[in-house]
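Source file: protein19.cif (mmCIF, C-alpha atoms)
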data_query
#
loop_
_atom_site.label_atom_id
_atom_site.label_comp_id
_atom_site.auth_asym_id
_atom_site.auth_seq_id
_atom_site.Cartn_x
_atom_site.Cartn_y
_atom_site.Cartn_z
CA MET Z 1427 127.11 -64.39 -42.75
CA ASN Z 1428 130.60 -65.70 -43.32
CA THR Z 1429 131.96 -62.29 -44.26
CA VAL Z 1430 130.23 -60.62 -41.32
CA GLY Z 1431 131.73 -63.12 -38.89
CA SER Z 1432 135.22 -62.76 -40.31
CA LEU Z 1433 134.96 -58.98 -40.16
CA LEU Z 1434 133.80 -59.08 -36.54
CA ILE Z 1435 136.72 -61.35 -35.61
CA LEU Z 1436 139.11 -58.97 -37.39
CA PHE Z 1437 137.68 -55.95 -35.52
CA GLY Z 1438 138.05 -57.82 -32.25
CA SER Z 1439 141.70 -58.55 -33.02
CA LEU Z 1440 142.20 -54.86 -33.80
CA PHE Z 1441 140.73 -53.97 -30.39
CA MET Z 1442 143.18 -56.39 -28.76
CA ALA Z 1443 146.03 -54.72 -30.67
CA LEU Z 1444 144.85 -51.31 -29.38
CA ALA Z 1445 144.81 -52.68 -25.82
CA VAL Z 1446 148.38 -54.01 -26.07
CA THR Z 1447 149.50 -50.69 -27.57
CA GLY Z 1448 148.07 -48.98 -24.49
CA ILE Z 1449 149.88 -51.39 -22.17
CA LEU Z 1450 153.17 -50.78 -23.97
CA ARG Z 1451 152.90 -46.99 -24.13
CA PHE Z 1452 151.30 -45.85 -20.83
CA ASP Z 1453 153.62 -45.47 -17.87
CA ASP Z 1454 151.27 -45.60 -14.86
CA PRO Z 1455 149.84 -49.00 -13.81
CA LEU Z 1456 146.38 -47.47 -13.35
CA MET Z 1457 146.34 -46.15 -16.92
CA LYS Z 1458 147.64 -49.49 -18.21
CA LEU Z 1459 144.85 -51.21 -16.30
CA GLN Z 1460 142.21 -49.07 -17.95
CA SER Z 1461 143.52 -49.84 -21.43
CA ALA Z 1462 144.00 -53.55 -20.74
CA SER Z 1463 140.64 -54.35 -19.20
CA LYS Z 1464 138.43 -52.28 -21.51
CA GLY Z 1465 140.24 -53.12 -24.74
CA ALA Z 1466 140.47 -56.81 -24.01
CA THR Z 1467 136.82 -57.07 -22.99
CA ALA Z 1468 135.64 -55.26 -26.13
CA GLY Z 1469 137.90 -57.36 -28.35
CA MET Z 1470 136.78 -60.61 -26.79
CA GLY Z 1471 133.14 -59.61 -27.14
CA LEU Z 1472 133.54 -58.83 -30.83
CA ILE Z 1473 135.42 -62.10 -31.41
CA LEU Z 1474 132.70 -64.14 -29.67
CA LEU Z 1475 130.03 -62.31 -31.71
CA GLY Z 1476 132.00 -63.19 -34.83
CA THR Z 1477 132.14 -66.88 -33.92
CA VAL Z 1478 128.36 -66.84 -33.40
CA ALA Z 1479 127.90 -65.27 -36.84
CA LEU Z 1480 130.24 -67.83 -38.41
CA ASP Z 1481 128.67 -70.89 -36.83
CA PHE Z 1482 125.10 -70.33 -35.66
CA ARG Z 1483 124.44 -73.45 -33.63
CA ALA Z 1484 123.16 -73.91 -30.10
CA GLN Z 1485 126.49 -74.97 -28.63
CA THR Z 1486 128.36 -72.00 -30.14
CA VAL Z 1487 125.76 -69.51 -28.92
CA PHE Z 1488 125.74 -71.04 -25.45
CA PHE Z 1489 129.53 -71.04 -25.30
CA ALA Z 1490 129.70 -67.38 -26.38
CA LEU Z 1491 127.14 -66.36 -23.75
CA ALA Z 1492 128.96 -68.29 -21.01
CA MET Z 1493 132.36 -66.88 -21.95
CA MET Z 1494 131.03 -63.32 -22.16
CA GLY Z 1495 129.35 -63.60 -18.77
CA LEU Z 1496 132.53 -65.01 -17.27
CA ILE Z 1497 134.65 -62.19 -18.71
CA PHE Z 1498 132.18 -59.52 -17.58
CA VAL Z 1499 132.56 -60.87 -14.03
CA VAL Z 1500 136.30 -61.57 -14.10
CA SER Z 1501 137.74 -58.50 -15.83
CA PRO Z 1502 136.49 -55.74 -13.45
CA THR Z 1503 137.34 -57.88 -10.42
CA VAL Z 1504 140.93 -58.35 -11.55
CA SER Z 1505 141.26 -54.65 -12.39
CA HIS Z 1506 139.97 -53.67 -8.97
CA VAL Z 1507 142.30 -56.07 -7.16
CA ILE Z 1508 145.37 -54.85 -9.04
CA ALA Z 1509 144.48 -51.17 -8.63
CA LYS Z 1510 143.76 -51.59 -4.91
CA SER Z 1511 147.07 -53.39 -4.43
CA HIS Z 1512 148.88 -50.60 -6.26
CA VAL Z 1513 147.31 -47.87 -4.14
CA ASP Z 1514 147.64 -49.77 -0.85
CA SER Z 1515 151.32 -50.52 -1.38
CA GLY Z 1516 152.06 -46.82 -1.82
CA GLY Z 1517 152.80 -47.01 -5.52
CA GLU Z 1518 153.38 -43.70 -7.22
CA LEU Z 1519 150.34 -42.06 -8.74
CA SER Z 1520 150.17 -40.01 -11.91
CA SER Z 1521 150.98 -36.32 -11.63
CA THR Z 1522 147.86 -35.46 -13.61
CA MET Z 1523 145.52 -37.07 -11.06
CA GLU Z 1524 143.13 -34.47 -9.65
CA LEU Z 1525 140.97 -36.45 -7.19
CA ASN Z 1526 142.20 -39.37 -5.09
CA GLU Z 1527 139.23 -40.90 -3.35
CA LEU Z 1528 141.37 -43.46 -1.52
CA SER Z 1529 143.62 -40.88 0.12
CA GLY Z 1530 141.53 -40.60 3.33
CA ASP Z 1531 142.77 -42.17 6.53
CA ASP Z 1532 140.08 -44.87 6.49
CA HIS Z 1533 139.11 -46.64 3.29
CA MET B 1126 140.59 -62.85 -43.18
CA ILE B 1127 140.47 -65.26 -40.24
CA THR B 1128 144.13 -66.11 -40.88
CA LEU B 1129 144.91 -62.39 -40.69
CA SER B 1130 143.06 -62.20 -37.38
CA LEU B 1131 145.03 -65.14 -36.00
CA ILE B 1132 148.31 -63.51 -37.08
CA LEU B 1133 147.23 -60.24 -35.43
CA LEU B 1134 146.36 -62.06 -32.20
CA GLY B 1135 149.78 -63.73 -32.27
CA ALA B 1136 151.38 -60.28 -32.61
CA VAL B 1137 149.29 -59.11 -29.65
CA ILE B 1138 150.63 -62.01 -27.57
CA VAL B 1139 154.21 -61.10 -28.55
CA GLY B 1140 153.53 -57.48 -27.53
CA GLY B 1141 152.13 -58.65 -24.19
CA LEU B 1142 155.26 -60.74 -23.57
CA VAL B 1143 157.39 -57.66 -24.32
CA ALA B 1144 155.30 -55.74 -21.76
CA VAL B 1145 155.87 -58.53 -19.21
CA LEU B 1146 159.63 -58.34 -19.76
CA ARG B 1147 159.70 -54.53 -19.71
CA GLY B 1148 157.36 -53.63 -16.85
CA PRO B 1149 159.27 -51.72 -14.19
CA THR B 1150 157.30 -52.89 -11.15
CA PRO B 1151 156.01 -56.39 -10.31
CA LEU B 1152 152.41 -55.15 -10.57
CA ASP B 1153 153.08 -54.03 -14.15
CA ARG B 1154 154.27 -57.51 -15.02
CA LEU B 1155 151.29 -59.09 -13.28
CA LEU B 1156 148.92 -56.78 -15.18
CA ALA B 1157 150.46 -57.72 -18.51
CA LEU B 1158 150.28 -61.43 -17.61
CA ASP B 1159 146.62 -61.03 -16.73
CA PHE B 1160 146.00 -59.30 -20.05
CA LEU B 1161 147.79 -62.13 -21.91
CA SER B 1162 145.19 -64.71 -20.89
CA LEU B 1163 142.54 -63.01 -23.05
CA PRO B 1164 144.32 -63.04 -26.47
CA MET B 1165 145.35 -66.64 -25.82
CA ALA B 1166 141.72 -67.52 -25.08
CA ALA B 1167 140.67 -65.59 -28.21
CA ILE B 1168 143.03 -67.63 -30.41
CA LEU B 1169 141.66 -70.84 -28.89
CA VAL B 1170 138.05 -69.68 -29.44
CA VAL B 1171 138.67 -68.87 -33.11
CA TRP B 1172 140.50 -72.16 -33.62
CA GLY B 1173 137.74 -74.08 -31.89
CA THR B 1174 135.16 -72.46 -34.16
CA ILE B 1175 137.07 -73.36 -37.33
CA HIS B 1176 137.58 -76.94 -36.09
CA PRO B 1177 134.47 -77.78 -34.05
CA GLU B 1178 135.64 -81.32 -33.30
CA SER B 1179 138.60 -80.06 -31.25
CA HIS B 1180 138.34 -79.20 -27.57
CA ALA B 1181 140.04 -75.81 -27.92
CA ARG B 1182 137.06 -73.81 -26.59
CA ASP B 1183 136.98 -75.74 -23.31
CA ILE B 1184 140.67 -74.97 -22.87
CA ALA B 1185 139.92 -71.27 -23.43
CA LEU B 1186 137.29 -71.28 -20.68
CA ILE B 1187 139.67 -72.95 -18.22
CA LEU B 1188 142.49 -70.55 -19.20
CA VAL B 1189 140.40 -67.49 -18.31
CA VAL B 1190 139.37 -68.96 -14.94
CA ALA B 1191 142.96 -69.97 -14.10
CA GLY B 1192 144.28 -66.51 -14.95
CA PHE B 1193 141.60 -64.90 -12.75
CA VAL B 1194 142.41 -67.07 -9.72
CA GLY B 1195 146.15 -66.58 -10.14
CA VAL B 1196 145.97 -62.79 -10.31
CA VAL B 1197 143.52 -62.47 -7.41
CA ILE B 1198 145.84 -64.56 -5.23
CA ALA B 1199 149.11 -62.98 -6.39
CA ALA B 1200 148.29 -59.25 -6.42
CA PRO B 1201 147.76 -58.65 -2.65
CA ARG B 1202 150.87 -60.73 -1.86
CA LEU B 1203 153.00 -58.65 -4.22
CA ALA B 1204 151.58 -55.46 -2.69
CA ARG B 1205 152.27 -56.62 0.87
CA ARG B 1206 155.85 -57.59 -0.01
CA LYS B 1207 156.41 -54.22 -1.61
CA GLY B 1208 154.80 -52.27 1.24
CA GLN B 1209 156.95 -53.75 3.99
CA PRO B 1210 160.22 -51.91 4.55
#
Now, as a test, write the supplied structure out as structure tokens.
Amino acid sequence: MNTVGSLLILFGSLFMALAVTGILRFDDPLMKLQSASKGATAGMGLILLGTVALDFRAQTVFFALAMMGLIFVVSPTVSHVIAKSHVDSGGELSSTMELNELSGDDH
Amino acid sequence: MITLSLILLGAVIVGGLVAVLRGPTPLDRLLALDFLSLPMAAILVVWGTIHPESHARDIALILVVAGFVGVVIAAPRLARRKGQP
């Protein structure tokens, strides 16, 4: 159980490293947002699973569930707010974008 | 192996700070700052699991909530300031 927990925490840290690589290498804020929110949520989930495997007590399990629920609510909300602000303020969009659903006159 | 994970998370935080310094627009910086709250919370969670008598996990919970409120308040203001001529 100890090895499994440590491995899960290591995989979660690797997911976080992938997310920060995406933030550093993409050039459009919308692409950066995709990498940041998905990678960080996956990494945090794996790390919380690892802490549960390391220390299987009621308070750890409850904390992991509460934190995961909080992050599942918070992360998409923040991504949506930042992306909406970017589009509303007339920020430049990627040249490879094929469909812009917010480009109508009323959204 | 947990020490390696903590070192990796520290490197992730350094990379996020580089992204904050480098981002060309204010929204890029805000995005990187929002991302930074999660590796910091992850370090606190791992530390709080190794040392269960510390209060590190409560700090992690509050850190995530504070980052959420800050970004939700700051992002529309930045957009409005940028949109006005």
Box dimensions and centre (Å, one decimal) enclosing range 1175-1193 of chain B, axis-aligned, 5 Å extra per side, as JSON:
{"center_x": 139.4, "center_y": -73.1, "center_z": -25.0, "size_x": 19.8, "size_y": 26.4, "size_z": 34.6}
Exercise for review: Apply the PyMOL selection byres ((chain Z) within 9 of (chain B)) to the structure shown and report the selected residues as a ChimeraX atom specification.
Suggested key: /Z:1429,1432-1433,1435-1440,1442-1447,1449-1450,1454-1455,1458-1459,1462-1463,1466-1467,1469-1470,1473-1474,1476-1478,1480-1481,1486,1489,1492-1493,1496-1497,1500-1501,1503-1505,1507-1508,1510-1517
Exercise for review: Just give me the gap between CA of Leu1456 in chain Z and CA of Ala1509 in chain Z in Å, one decimal is fine.
Suggested key: 6.3 Å
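With CA of Met1523 in chain Z on one side and CA of Arg1451 in chain Z on the other, the separation reads 18.0 Å.
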Point to revise | Of the listed residues Z:Phe1488, Z:Gly1431, Z:Thr1522, Z:Lys1464, that which approaches Pro1502 in chain Z most closely, counting all atoms listed in the file | key: Z:Lys1464
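Going from CA of Leu1158 in chain B over to CA of Glu1518 in chain Z, you cover 20.8 Å.
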Take range 1509-1520 of chain Z from the block and save it with N, CA and C atoms, as a PDB file, in the first residue's frame.
ATOM      1  N   ALA Z1509     -11.651  32.355 -19.955  1.00  0.00           N
ATOM      2  CA  ALA Z1509     -11.854  32.278 -21.404  1.00  0.00           C
ATOM      3  C   ALA Z1509     -12.877  33.301 -21.866  1.00  0.00           C
ATOM      4  N   LYS Z1510     -13.955  33.487 -21.086  1.00  0.00           N
ATOM      5  CA  LYS Z1510     -14.979  34.468 -21.452  1.00  0.00           C
ATOM      6  C   LYS Z1510     -14.385  35.875 -21.412  1.00  0.00           C
ATOM      7  N   SER Z1511     -13.545  36.163 -20.436  1.00  0.00           N
ATOM      8  CA  SER Z1511     -12.925  37.485 -20.381  1.00  0.00           C
ATOM      9  C   SER Z1511     -12.027  37.703 -21.582  1.00  0.00           C
ATOM     10  N   HIS Z1512     -11.299  36.643 -21.972  1.00  0.00           N
ATOM     11  CA  HIS Z1512     -10.406  36.771 -23.128  1.00  0.00           C
ATOM     12  C   HIS Z1512     -11.192  37.068 -24.393  1.00  0.00           C
ATOM     13  N   VAL Z1513     -12.291  36.324 -24.605  1.00  0.00           N
ATOM     14  CA  VAL Z1513     -13.060  36.518 -25.832  1.00  0.00           C
ATOM     15  C   VAL Z1513     -13.783  37.864 -25.803  1.00  0.00           C
ATOM     16  N   ASP Z1514     -14.341  38.236 -24.649  1.00  0.00           N
ATOM     17  CA  ASP Z1514     -15.098  39.485 -24.567  1.00  0.00           C
ATOM     18  C   ASP Z1514     -14.212  40.704 -24.766  1.00  0.00           C
ATOM     19  N   SER Z1515     -12.970  40.635 -24.310  1.00  0.00           N
ATOM     20  CA  SER Z1515     -12.101  41.802 -24.426  1.00  0.00           C
ATOM     21  C   SER Z1515     -11.443  41.880 -25.798  1.00  0.00           C
ATOM     22  N   GLY Z1516     -11.877  41.026 -26.730  1.00  0.00           N
ATOM     23  CA  GLY Z1516     -11.332  41.110 -28.078  1.00  0.00           C
ATOM     24  C   GLY Z1516      -9.911  40.613 -28.182  1.00  0.00           C
ATOM     25  N   GLY Z1517      -9.538  39.661 -27.336  1.00  0.00           N
ATOM     26  CA  GLY Z1517      -8.200  39.091 -27.440  1.00  0.00           C
ATOM     27  C   GLY Z1517      -8.060  38.305 -28.725  1.00  0.00           C
ATOM     28  N   GLU Z1518      -6.834  38.184 -29.207  1.00  0.00           N
ATOM     29  CA  GLU Z1518      -6.648  37.515 -30.485  1.00  0.00           C
ATOM     30  C   GLU Z1518      -6.822  36.018 -30.321  1.00  0.00           C
ATOM     31  N   LEU Z1519      -7.490  35.419 -31.326  1.00  0.00           N
ATOM     32  CA  LEU Z1519      -7.772  33.993 -31.284  1.00  0.00           C
ATOM     33  C   LEU Z1519      -6.787  33.267 -32.192  1.00  0.00           C
ATOM     34  N   SER Z1520      -6.661  31.969 -31.975  1.00  0.00           N
ATOM     35  CA  SER Z1520      -5.701  31.192 -32.744  1.00  0.00           C
ATOM     36  C   SER Z1520      -6.092  31.137 -34.220  1.00  0.00           C
TER      37      SER Z1520
END
